[in-house]
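Report on one structure; see the data block that follows.
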Amino acid sequence: MGLSDGLLNPTKKAMVIDDCCKMIEGQLASKSGMSGIALKTAFAALKGVKPGYIPYVVEQILPQCFTALDPIWSQGVEKGDPIEYLSANRTHTADALLGVTDARVKNAKRQIVRGTYEKLRGSAKKHVEEAVPDLAKVIDNYTKV
């Protein structure tokens with residue numbers, strides 16, 4: 001069973017989405033300086049697209065994200081500590097996640113979404129890499145029985 005199958009079942013899906021949104025908010029809150037201001041401004045613009053837009057987007061991309069992470073997570077399980085494995089391989093993990101968002105944004109109908117993503121894409125990998133340990137903890141929380 002893949003991560004999507006286990007983490008997006010009806011009994012867990014809403015909690016996983018909520019925890020992912022909280023993780024994103026926490027990551028944003030930790031950012032400072034000019035890049036932090038840029039990220040927070042961009043996030044506020046995306047939140048303004050429509051009420052509930054961020055949880056909606058998270059719900060839409062999680063299946064593809066979990067599919068992309070599944071091989072990495074499985075390797076971590078084999079090694080005995082998937083949280084540590086994802087964290088130690090955060091570059092590979094970030095590349096897998098950004099591959100999903102890169103593909104999704106190509107089909108985005110809203111110009112504000114495409115434009116915001118394109119402006120921030122150059123620095124995105126660093127921020128995604130920083131978020132990998134927190135994401136791994138969210139995943140681990142829901143993969144335990």
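Every chain in the structure tokens has a letter given in the order shown (A, B, ...), and although residue numbers restart at 1 in each chain, ligands are simply numbered from 1 in the order shown.
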Show which residues sit within 6 Å of range 132-140 of chain A, as a JSON list (two decimals) with N, CA, C and O atoms, in the first residue's frame. Count only C-alpha atoms, and ignore same-chain residues fewer than 2 positions away.
```
[["chain", "number", "residue", "atom", "x", "y", "z"],
["A", 83, "ILE", "N", 11.65, 9.09, 8.84],
["A", 83, "ILE", "CA", 11.77, 10.53, 9.09],
["A", 83, "ILE", "C", 13.21, 10.98, 8.87],
["A", 83, "ILE", "O", 13.47, 11.95, 8.17],
["A", 87, "SER", "N", 14.75, 13.32, 5.82],
["A", 87, "SER", "CA", 15.51, 14.50, 6.23],
["A", 87, "SER", "C", 16.93, 14.46, 5.69],
["A", 87, "SER", "O", 17.44, 15.47, 5.21],
["A", 129, "GLU", "N", 13.27, 22.09, 1.06],
["A", 129, "GLU", "CA", 14.24, 21.27, 1.79],
["A", 129, "GLU", "C", 14.15, 21.53, 3.30],
["A", 129, "GLU", "O", 14.23, 20.60, 4.10],
["A", 130, "GLU", "N", 13.97, 22.79, 3.67],
["A", 130, "GLU", "CA", 13.86, 23.14, 5.09],
["A", 130, "GLU", "C", 12.60, 22.55, 5.72],
["A", 130, "GLU", "O", 12.57, 22.27, 6.92],
["A", 142, "TYR", "N", 0.75, 9.71, 10.64],
["A", 142, "TYR", "CA", -0.43, 9.03, 10.08],
["A", 142, "TYR", "C", -0.13, 7.67, 9.48],
["A", 142, "TYR", "O", -1.05, 6.96, 9.09],
["A", 143, "THR", "N", 1.13, 7.30, 9.41],
["A", 143, "THR", "CA", 1.44, 5.96, 8.91],
["A", 143, "THR", "C", 1.51, 4.94, 10.04],
["A", 143, "THR", "O", 1.53, 3.74, 9.78]]
```
*asked:* I'd like the neighbourhood of range 65-80 of chain A as a ChimeraX atom specification, where a residue qualifies if any of its atoms comes within 6 Å (using only C-alpha atoms), though same-chain residues fewer than 6 positions away should be ignored.
replied: /A:3-4,96-97
_Calculated over only C-alpha atoms, which of the candidates A:Asn107, A:Asn89, A:Ser30, A:Gln64 has the smallest distance to His127 in chain A?_
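Of all the options, A:Ser30 lies closest to His127 in chain A.
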*Name the residues in contact with range 118-125 of chain A at a cut-off of 10 Å, using only C-alpha atoms, excluding same-chain residues fewer than 2 positions from it; report them as a list of chain:residue names.*
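Here the qualifying residues turn out to be A:Ser35, A:Ala38, A:Leu39, A:Ala42, A:Arg90, A:Thr91, A:Thr93, A:Ala94, A:Asp95, A:Leu97, A:Leu98, A:Thr101, A:Asp102, A:Val105, A:Ile112, A:Val113, A:Arg114, A:Gly115, A:Thr116, A:His127, A:Val128, A:Glu129, A:Glu130, A:Ala131.
With only C-alpha atoms as the atoms that count, the minimum distance from Arg110 in chain A to the choices A:Asn9, A:Ala45, A:Lys22, A:Gly33 is reached by A:Ala45.
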_Given only C-alpha atoms as the basis, pick out the residue of A:Leu7, A:Val58, A:Ala103, A:Ile17 nearest to Tyr117 in chain A._
A:Ala103
